[in-house]
file coords_2.txt (compact mmCIF, C-alpha atoms)
# COMPACT_ATOMS: atom_id res chain seq x y z
CA MET G 28 0.00 0.00 0.00
CA MET G 29 2.83 2.44 0.97
CA THR G 30 4.65 1.63 -2.30
CA LEU G 31 1.50 2.42 -4.30
CA ILE G 32 1.06 5.70 -2.44
CA LYS G 33 4.69 6.65 -3.11
CA LYS G 34 4.30 5.78 -6.78
CA GLY G 35 1.10 7.80 -6.91
CA LEU G 36 2.77 10.79 -5.29
CA THR G 37 5.77 10.54 -7.61
CA THR G 38 3.51 10.41 -10.63
CA SER G 39 1.50 13.38 -9.38
CA VAL G 40 4.61 15.45 -8.67
CA PHE G 41 6.05 14.63 -12.11
CA ALA G 42 2.77 15.57 -13.79
CA ALA G 43 2.56 18.83 -11.86
CA LEU G 44 6.18 19.66 -12.71
CA THR G 45 5.59 18.90 -16.39
CA LEU G 46 2.48 21.11 -16.39
CA PHE G 47 4.41 23.89 -14.66
CA LEU G 48 7.28 23.76 -17.15
CA THR G 49 4.87 23.64 -20.07
CA GLY G 50 3.08 26.67 -18.68
CA CYS G 51 6.38 28.55 -18.42
CA GLN G 52 7.21 27.70 -22.03
CA ASP G 53 3.78 28.93 -23.12
CA ASP G 54 4.31 32.14 -21.13
CA ASP G 55 7.61 32.74 -22.96
CA LYS G 56 5.67 32.54 -26.21
CA THR G 57 3.18 35.25 -25.24
CA ILE G 58 4.33 38.81 -24.65
CA LYS G 59 2.80 42.27 -24.45
CA ILE G 60 4.28 45.27 -26.23
CA GLY G 61 3.28 48.90 -25.71
CA THR G 62 2.89 51.42 -28.54
CA ILE G 63 1.38 54.86 -29.08
CA ALA G 64 -2.08 54.74 -30.69
CA GLY G 65 -1.89 55.49 -34.42
CA PRO G 66 0.45 54.37 -37.21
CA GLU G 67 3.02 52.88 -34.82
CA THR G 68 0.36 50.46 -33.61
CA GLU G 69 -0.35 49.38 -37.19
CA ILE G 70 3.36 48.77 -37.73
CA ALA G 71 3.59 46.79 -34.49
CA GLN G 72 0.64 44.66 -35.63
CA VAL G 73 2.54 43.67 -38.78
CA ALA G 74 5.55 42.75 -36.62
CA ALA G 75 3.21 40.71 -34.41
CA ASP G 76 1.89 38.85 -37.47
CA VAL G 77 5.45 38.10 -38.59
CA ALA G 78 6.38 36.89 -35.10
CA GLU G 79 3.40 34.53 -35.09
CA LYS G 80 4.24 33.15 -38.51
CA ARG G 81 8.00 32.83 -38.09
CA TYR G 82 8.34 31.84 -34.46
CA GLY G 83 4.94 31.02 -33.00
CA LEU G 84 5.42 34.08 -30.75
CA HIS G 85 2.10 35.62 -29.70
CA VAL G 86 2.49 39.40 -29.42
CA LYS G 87 -0.34 41.31 -27.76
CA ILE G 88 -0.32 45.05 -28.44
CA VAL G 89 -1.27 47.55 -25.72
CA THR G 90 -1.87 51.11 -26.96
CA PHE G 91 -1.26 54.34 -25.05
CA THR G 92 -2.12 57.96 -25.76
CA ASP G 93 0.81 59.64 -24.04
CA TYR G 94 4.56 59.14 -23.77
CA LEU G 95 4.79 58.62 -20.02
CA GLN G 96 2.84 55.40 -19.45
CA PRO G 97 4.63 52.87 -21.72
CA ASN G 98 7.94 53.02 -19.83
CA THR G 99 6.23 52.86 -16.44
CA ALA G 100 4.16 49.87 -17.56
CA LEU G 101 7.28 48.16 -18.92
CA ASN G 102 9.34 48.76 -15.80
CA ASP G 103 6.48 47.48 -13.62
CA GLY G 104 6.20 44.25 -15.63
CA GLN G 105 2.80 44.98 -17.19
CA LEU G 106 4.57 44.84 -20.57
CA GLN G 107 7.52 42.85 -21.86
CA ALA G 108 8.52 45.48 -24.45
CA ASN G 109 7.61 48.84 -25.91
CA ALA G 110 8.30 50.54 -29.24
CA PHE G 111 7.54 54.27 -29.32
CA GLN G 112 10.50 56.44 -28.26
CA HIS G 113 13.88 57.69 -29.41
CA GLU G 114 17.10 57.49 -27.43
CA PRO G 115 17.24 61.05 -26.01
CA TYR G 116 13.74 60.65 -24.56
CA LEU G 117 14.55 57.19 -23.16
CA ASN G 118 17.73 58.45 -21.50
CA GLU G 119 15.83 61.34 -19.93
CA GLN G 120 13.17 58.99 -18.56
CA ILE G 121 15.71 56.53 -17.16
CA ALA G 122 17.59 59.37 -15.45
CA ALA G 123 14.36 60.77 -13.97
CA HIS G 124 12.71 57.53 -12.87
CA HIS G 125 15.59 55.01 -12.59
CA TYR G 126 13.85 52.54 -14.88
CA ASN G 127 15.66 49.22 -15.30
CA ILE G 128 14.99 48.93 -19.04
CA THR G 129 17.26 48.30 -22.04
CA VAL G 130 17.35 48.97 -25.78
CA ILE G 131 17.50 45.89 -28.02
CA GLY G 132 17.27 47.59 -31.41
CA LYS G 133 16.04 50.46 -33.57
CA THR G 134 12.97 50.79 -35.78
CA PHE G 135 12.38 53.95 -37.86
CA VAL G 136 13.05 57.65 -38.00
CA TYR G 137 9.68 59.43 -38.08
CA PRO G 138 10.46 63.00 -39.13
CA MET G 139 9.13 65.78 -36.94
CA GLY G 140 7.62 68.58 -39.02
CA ILE G 141 6.60 72.23 -38.83
CA TYR G 142 2.96 72.66 -39.92
CA SER G 143 0.66 75.60 -40.51
CA ALA G 144 -2.99 75.91 -41.49
CA HIS G 145 -2.52 79.61 -42.28
CA TYR G 146 0.81 80.07 -44.06
CA HIS G 147 2.35 78.43 -47.12
CA SER G 148 5.93 79.27 -46.22
CA LEU G 149 7.89 79.92 -43.05
CA ALA G 150 9.09 83.13 -44.68
CA ASP G 151 5.51 84.41 -44.52
CA LEU G 152 5.33 84.20 -40.73
CA PRO G 153 4.76 87.67 -39.27
CA GLU G 154 6.48 88.90 -36.14
CA ASP G 155 5.07 87.79 -32.79
CA SER G 156 3.56 84.62 -34.31
CA GLN G 157 2.70 81.83 -31.89
CA VAL G 158 4.55 78.54 -32.35
CA ALA G 159 3.15 75.46 -30.61
CA ILE G 160 5.81 73.02 -29.40
CA PRO G 161 5.77 69.81 -27.32
CA ASN G 162 5.96 70.34 -23.57
CA ASP G 163 7.99 67.22 -22.69
CA PRO G 164 11.71 68.07 -22.41
CA THR G 165 13.13 65.75 -25.08
CA ASN G 166 10.61 66.44 -27.83
CA GLN G 167 10.71 70.13 -26.99
CA GLY G 168 14.47 70.12 -27.48
CA ARG G 169 13.97 68.26 -30.75
CA ALA G 170 11.47 70.92 -31.86
CA PHE G 171 13.87 73.76 -31.09
CA LEU G 172 16.63 72.05 -33.06
CA LEU G 173 14.23 71.77 -36.01
CA LEU G 174 13.21 75.44 -35.72
CA GLN G 175 16.89 76.35 -35.73
CA LYS G 176 17.56 74.18 -38.78
CA ALA G 177 14.64 75.89 -40.51
CA GLY G 178 16.33 79.25 -39.90
CA LEU G 179 13.69 80.69 -37.57
CA ILE G 180 15.82 80.87 -34.42
CA THR G 181 19.37 80.42 -33.19
CA LEU G 182 20.09 78.44 -30.04
CA ALA G 183 22.84 79.09 -27.55
CA PRO G 184 25.85 76.77 -28.15
CA SER G 185 25.30 75.22 -24.72
CA ALA G 186 21.65 74.25 -25.43
CA GLY G 187 22.30 70.61 -26.36
CA LEU G 188 19.46 68.19 -27.09
CA ASN G 189 17.14 69.46 -24.37
CA ALA G 190 16.84 73.10 -25.42
CA THR G 191 14.12 75.24 -23.83
CA PRO G 192 12.78 78.71 -24.65
CA GLN G 193 15.51 80.12 -22.39
CA ASP G 194 18.15 78.68 -24.75
CA VAL G 195 16.94 80.74 -27.73
CA ALA G 196 19.77 83.19 -28.35
CA ASP G 197 18.35 84.87 -31.44
CA ASN G 198 14.67 85.17 -32.36
CA PRO G 199 14.41 87.71 -35.22
CA LYS G 200 10.65 87.24 -35.70
CA LYS G 201 10.00 87.47 -31.95
CA LEU G 202 8.16 84.15 -32.06
CA GLN G 203 6.07 83.25 -29.01
CA PHE G 204 6.39 79.61 -27.94
CA VAL G 205 3.26 77.83 -26.67
CA GLU G 206 3.98 74.57 -24.83
CA LEU G 207 1.37 71.80 -25.26
CA ASP G 208 1.14 68.06 -24.78
CA ALA G 209 2.47 66.39 -27.93
CA ALA G 210 -0.85 64.64 -28.54
CA GLN G 211 -2.70 67.99 -28.63
CA LEU G 212 -0.51 69.69 -31.24
CA ALA G 213 -2.24 68.23 -34.30
CA ARG G 214 -5.56 69.63 -33.05
CA ALA G 215 -4.16 72.98 -31.94
CA TYR G 216 -2.37 73.77 -35.19
CA GLN G 217 -5.62 75.03 -36.74
CA ASP G 218 -5.79 77.77 -34.10
CA ILE G 219 -2.17 78.84 -34.05
CA ALA G 220 0.35 80.19 -36.56
CA VAL G 221 2.53 77.07 -36.73
CA ALA G 222 2.96 73.88 -34.74
CA VAL G 223 5.88 71.47 -34.49
CA ILE G 224 4.32 68.00 -34.57
CA ASN G 225 5.62 64.45 -34.22
CA THR G 226 4.73 62.36 -37.26
CA ASN G 227 2.94 59.67 -35.25
CA TYR G 228 0.43 62.35 -34.18
CA ALA G 229 0.35 64.19 -37.52
CA ILE G 230 -0.68 61.15 -39.58
CA PRO G 231 -3.90 60.32 -37.65
CA ALA G 232 -4.89 64.00 -37.99
CA GLY G 233 -4.59 63.78 -41.76
CA LEU G 234 -1.27 65.63 -41.95
CA LEU G 235 1.41 64.08 -44.15
CA PRO G 236 5.02 65.25 -43.78
CA SER G 237 5.67 65.06 -47.53
CA ARG G 238 2.54 67.03 -48.40
CA ASP G 239 1.67 69.31 -45.50
CA ALA G 240 4.80 70.16 -43.52
CA LEU G 241 6.58 73.42 -44.28
CA PHE G 242 9.83 71.92 -43.02
CA THR G 243 10.84 68.45 -41.75
CA GLU G 244 13.73 66.47 -40.36
CA ASP G 245 15.66 64.40 -42.89
CA LYS G 246 16.83 60.78 -42.82
CA HIS G 247 20.00 61.76 -40.94
CA SER G 248 18.04 62.67 -37.81
CA PRO G 249 19.41 61.01 -34.66
CA TYR G 250 15.88 60.43 -33.40
CA ALA G 251 15.30 56.84 -34.52
CA ASN G 252 12.66 54.99 -32.50
CA LEU G 253 13.70 52.05 -30.34
CA ILE G 254 12.52 48.66 -29.14
CA VAL G 255 12.96 48.52 -25.36
CA ILE G 256 12.62 45.65 -22.89
CA ARG G 257 13.18 45.05 -19.19
CA THR G 258 16.90 44.53 -18.51
CA GLN G 259 16.17 41.27 -16.71
CA ASP G 260 14.70 39.81 -19.93
CA VAL G 261 17.69 40.37 -22.24
CA ASN G 262 18.47 36.65 -22.51
CA LYS G 263 14.89 35.48 -23.09
CA PRO G 264 14.44 33.56 -26.38
CA TRP G 265 11.62 35.85 -27.52
CA VAL G 266 13.87 38.92 -27.54
CA ASN G 267 15.65 38.09 -30.81
CA GLU G 268 12.40 36.76 -32.27
CA LEU G 269 10.66 40.05 -31.58
CA LEU G 270 13.60 42.06 -32.94
CA ASP G 271 13.78 40.01 -36.14
CA SER G 272 10.05 40.42 -36.63
CA PHE G 273 10.26 44.22 -36.37
CA HIS G 274 13.18 44.17 -38.82
CA SER G 275 11.27 42.23 -41.46
CA GLN G 276 10.53 43.43 -44.99
CA ALA G 277 6.81 43.29 -44.23
CA VAL G 278 7.26 45.90 -41.49
CA VAL G 279 9.35 48.13 -43.76
CA ASP G 280 6.68 47.93 -46.47
CA LYS G 281 3.94 48.83 -43.98
CA ALA G 282 5.88 51.81 -42.64
CA LYS G 283 6.51 53.09 -46.18
CA ALA G 284 2.80 52.77 -47.01
CA LEU G 285 1.64 54.52 -43.83
CA PHE G 286 4.14 57.36 -44.04
CA GLU G 287 4.25 57.67 -47.84
CA GLY G 288 7.97 57.01 -47.93
CA GLN G 289 8.69 59.66 -45.30
CA THR G 290 10.13 57.20 -42.82
CA GLU G 291 13.62 55.70 -42.83
CA ALA G 292 14.48 52.21 -41.55
CA ALA G 293 17.30 52.45 -38.99
CA PHE G 294 18.17 48.76 -39.31
CA THR G 295 19.13 46.00 -41.75
CA VAL G 296 16.17 43.91 -42.89
CA THR G 297 16.20 40.31 -41.64
CA PRO G 298 15.45 37.84 -44.46
CA ASP G 299 12.46 35.56 -44.18
CA THR G 300 13.36 31.89 -43.77
CA ASP G 301 11.63 28.59 -44.33
CA SER G 302 11.18 26.97 -40.93
CA THR G 303 11.76 23.50 -42.39
CA THR G 304 14.83 24.14 -44.57
CA GLY G 305 16.33 27.18 -42.87
CA LYS G 306 16.52 28.95 -46.25
call {"tool": "encode", "arguments": {"input": "coords_2.txt", "output": "structure tokens"}}
result
Amino acid sequence: MMTLIKKGLTTSVFAALTLFLTGCQDDDKTIKIGTIAGPETEIAQVAADVAEKRYGLHVKIVTFTDYLQPNTALNDGQLQANAFQHEPYLNEQIAAHHYNITVIGKTFVYPMGIYSAHYHSLADLPEDSQVAIPNDPTNQGRAFLLLQKAGLITLAPSAGLNATPQDVADNPKKLQFVELDAAQLARAYQDIAVAVINTNYAIPAGLLPSRDALFTEDKHSPYANLIVIRTQDVNKPWVNELLDSFHSQAVVDKAKALFEGQTEAAFTVTPDTDSTTGK
């Protein structure tokens, strides 16, 4: 009787252990990734489809409407990855909040643009015009660098990437800077002289960089978006699978279609392979 009980217990423990290990494997094949609502979500969905097809990796997409939540959710373990930010913004957030998160690769450069519903050229801007800019430090600095490149202002040499209105050394048109949440800029531009808008917010509002912007960043911009994960997950098998999926030709094609060729891939495309032959 005791032998039978021991055998029964051994069998039960083995079955429970097998079920536990199987569950862990299944968990490693299901991840959540955060994106900003809009075109970036559509691009992430194509990457998710590639991940499912190539690797059997199930990628669930969680959308956000502001830049603050995706890193917090990632750091807290509510997500396994996010894809929405460039390196200067990420570095600022890590310094401010001590997030334990890590870059695994780049995606695209989405050019920031200067838009106006009232003027056809920046040269037409009258003095004292209002210019709407993002209110978060990194994108605000990016906007000021773009305004400088467009010839509207000159920044102090010490301004760096996080320039503020106080860093404007020369402002010949006496432009007035209005700080707004980045998500509000595409709506506000109708009521203001010009607005400096991130492409991921411009596109859903019907604004195309190639058609509507008076001035944009070019492909040499350092503001390529990133794929970020928790540092503790860097050796997980799904990390390279997710990265390869984002770097697929299908994702490049989707980005080109959504942004009418106004986006630049900041990576080398990973070739598709046949799972049975490896070719």
call {"tool": "atom_distance", "arguments": {"input": "coords_2.txt", "atom1": "atom CA of Val77 of chain G", "atom2": "atom CA of Phe91 of chain G"}}
result
22.2 Å
call {"tool": "closest_residue", "arguments": {"input": "coords_2.txt", "among": "G:Ala213, G:Ala159, G:Ala293, G:Ala150", "to": "Pro199 of chain G", "atoms": "only C-alpha atoms"}}
result
G:Ala150
call {"tool": "closest_residue", "arguments": {"input": "coords_2.txt", "among": "G:Val221, G:Ile70, G:Leu106, G:Leu188", "to": "Leu241 of chain G", "atoms": "only C-alpha atoms"}}
result
G:Val221
call {"tool": "closest_residue", "arguments": {"input": "coords_2.txt", "among": "G:Thr295, G:Gln211, G:Gln107, G:Asn225", "to": "Ile58 of chain G", "atoms": "all atoms listed in the file"}}
result
G:Gln107
call {"tool": "residues_near_point", "arguments": {"input": "coords_2.txt", "point": "(11.8, 68.7, -46.5)", "cutoff": "12 Å", "atoms": "all atoms listed in the file", "output": "NGL selection string"}}
result
:G and (138-142 or 173 or 176-177 or 235-246 or 289)
call {"tool": "write_last_selection", "arguments": {"input": "coords_2.txt", "atoms": "C-alpha atoms", "output": "PDB file, in the frame of the given file"}}
result
ATOM      1  CA  PRO G 138      10.460  63.000 -39.130  1.00  0.00           C
ATOM      2  CA  MET G 139       9.130  65.780 -36.940  1.00  0.00           C
ATOM      3  CA  GLY G 140       7.620  68.580 -39.020  1.00  0.00           C
ATOM      4  CA  ILE G 141       6.600  72.230 -38.830  1.00  0.00           C
ATOM      5  CA  TYR G 142       2.960  72.660 -39.920  1.00  0.00           C
ATOM      6  CA  LEU G 173      14.230  71.770 -36.010  1.00  0.00           C
ATOM      7  CA  LYS G 176      17.560  74.180 -38.780  1.00  0.00           C
ATOM      8  CA  ALA G 177      14.640  75.890 -40.510  1.00  0.00           C
ATOM      9  CA  LEU G 235       1.410  64.080 -44.150  1.00  0.00           C
ATOM     10  CA  PRO G 236       5.020  65.250 -43.780  1.00  0.00           C
ATOM     11  CA  SER G 237       5.670  65.060 -47.530  1.00  0.00           C
ATOM     12  CA  ARG G 238       2.540  67.030 -48.400  1.00  0.00           C
ATOM     13  CA  ASP G 239       1.670  69.310 -45.500  1.00  0.00           C
ATOM     14  CA  ALA G 240       4.800  70.160 -43.520  1.00  0.00           C
ATOM     15  CA  LEU G 241       6.580  73.420 -44.280  1.00  0.00           C
ATOM     16  CA  PHE G 242       9.830  71.920 -43.020  1.00  0.00           C
ATOM     17  CA  THR G 243      10.840  68.450 -41.750  1.00  0.00           C
ATOM     18  CA  GLU G 244      13.730  66.470 -40.360  1.00  0.00           C
ATOM     19  CA  ASP G 245      15.660  64.400 -42.890  1.00  0.00           C
ATOM     20  CA  LYS G 246      16.830  60.780 -42.820  1.00  0.00           C
ATOM     21  CA  GLN G 289       8.690  59.660 -45.300  1.00  0.00           C
TER      22      GLN G 289
END
call {"tool": "closest_residue", "arguments": {"input": "coords_2.txt", "among": "G:His113, G:Lys56, G:His124, G:Lys87", "to": "Lys263 of chain G", "atoms": "all atoms listed in the file"}}
result
G:Lys56
call {"tool": "closest_residue", "arguments": {"input": "coords_2.txt", "among": "G:Lys200, G:Lys133, G:Arg81, G:Arg169", "to": "Ser156 of chain G", "atoms": "only C-alpha atoms"}}
result
G:Lys200
call {"tool": "closest_residue", "arguments": {"input": "coords_2.txt", "among": "G:Ala220, G:Ala215, G:Ala78, G:Val158", "to": "His145 of chain G", "atoms": "all atoms listed in the file"}}
result
G:Ala220
call {"tool": "residues_around", "arguments": {"input": "coords_2.txt", "residues": "Leu84 of chain G", "least_positions_apart": "4", "cutoff": "10 Å", "atoms": "all atoms listed in the file", "output": "PDB file with C-alpha atoms, in the frame of the given file"}}
result
ATOM      1  CA  ASP G  53       3.780  28.930 -23.120  1.00  0.00           C
ATOM      2  CA  ASP G  54       4.310  32.140 -21.130  1.00  0.00           C
ATOM      3  CA  ASP G  55       7.610  32.740 -22.960  1.00  0.00           C
ATOM      4  CA  LYS G  56       5.670  32.540 -26.210  1.00  0.00           C
ATOM      5  CA  THR G  57       3.180  35.250 -25.240  1.00  0.00           C
ATOM      6  CA  ILE G  58       4.330  38.810 -24.650  1.00  0.00           C
ATOM      7  CA  ALA G  75       3.210  40.710 -34.410  1.00  0.00           C
ATOM      8  CA  ASP G  76       1.890  38.850 -37.470  1.00  0.00           C
ATOM      9  CA  VAL G  77       5.450  38.100 -38.590  1.00  0.00           C
ATOM     10  CA  ALA G  78       6.380  36.890 -35.100  1.00  0.00           C
ATOM     11  CA  GLU G  79       3.400  34.530 -35.090  1.00  0.00           C
ATOM     12  CA  LYS G  80       4.240  33.150 -38.510  1.00  0.00           C
ATOM     13  CA  TRP G 265      11.620  35.850 -27.520  1.00  0.00           C
ATOM     14  CA  GLU G 268      12.400  36.760 -32.270  1.00  0.00           C
ATOM     15  CA  LEU G 269      10.660  40.050 -31.580  1.00  0.00           C
ATOM     16  CA  SER G 272      10.050  40.420 -36.630  1.00  0.00           C
TER      17      SER G 272
END
call {"tool": "residues_around", "arguments": {"input": "coords_2.txt", "residues": "Pro66 of chain G", "least_positions_apart": "5", "cutoff": "10 Å", "atoms": "all atoms listed in the file", "output": "ChimeraX atom specification"}}
result
/G:71-72,226-231,281-282,285-286
call {"tool": "residues_around", "arguments": {"input": "coords_2.txt", "residues": "Thr99 of chain G", "least_positions_apart": "5", "cutoff": "9 Å", "atoms": "all atoms listed in the file", "output": "list in words"}}
result
Gly104, Gln105, His124 and Tyr126 of chain G
call {"tool": "residues_around", "arguments": {"input": "coords_2.txt", "residues": "Gln120 of chain G", "least_positions_apart": "6", "cutoff": "10 Å", "atoms": "all atoms listed in the file", "output": "JSON, numbers by chain"}}
result
{"G": [95, 98, 99, 114, 126, 164, 165]}
call {"tool": "residues_near_point", "arguments": {"input": "coords_2.txt", "point": "(18.9, 71.8, -25.2)", "cutoff": "9 Å", "atoms": "only C-alpha atoms", "output": "PyMOL selection string"}}
result
chain G and resi 164-165+167-169+171-172+182-183+185-191+194
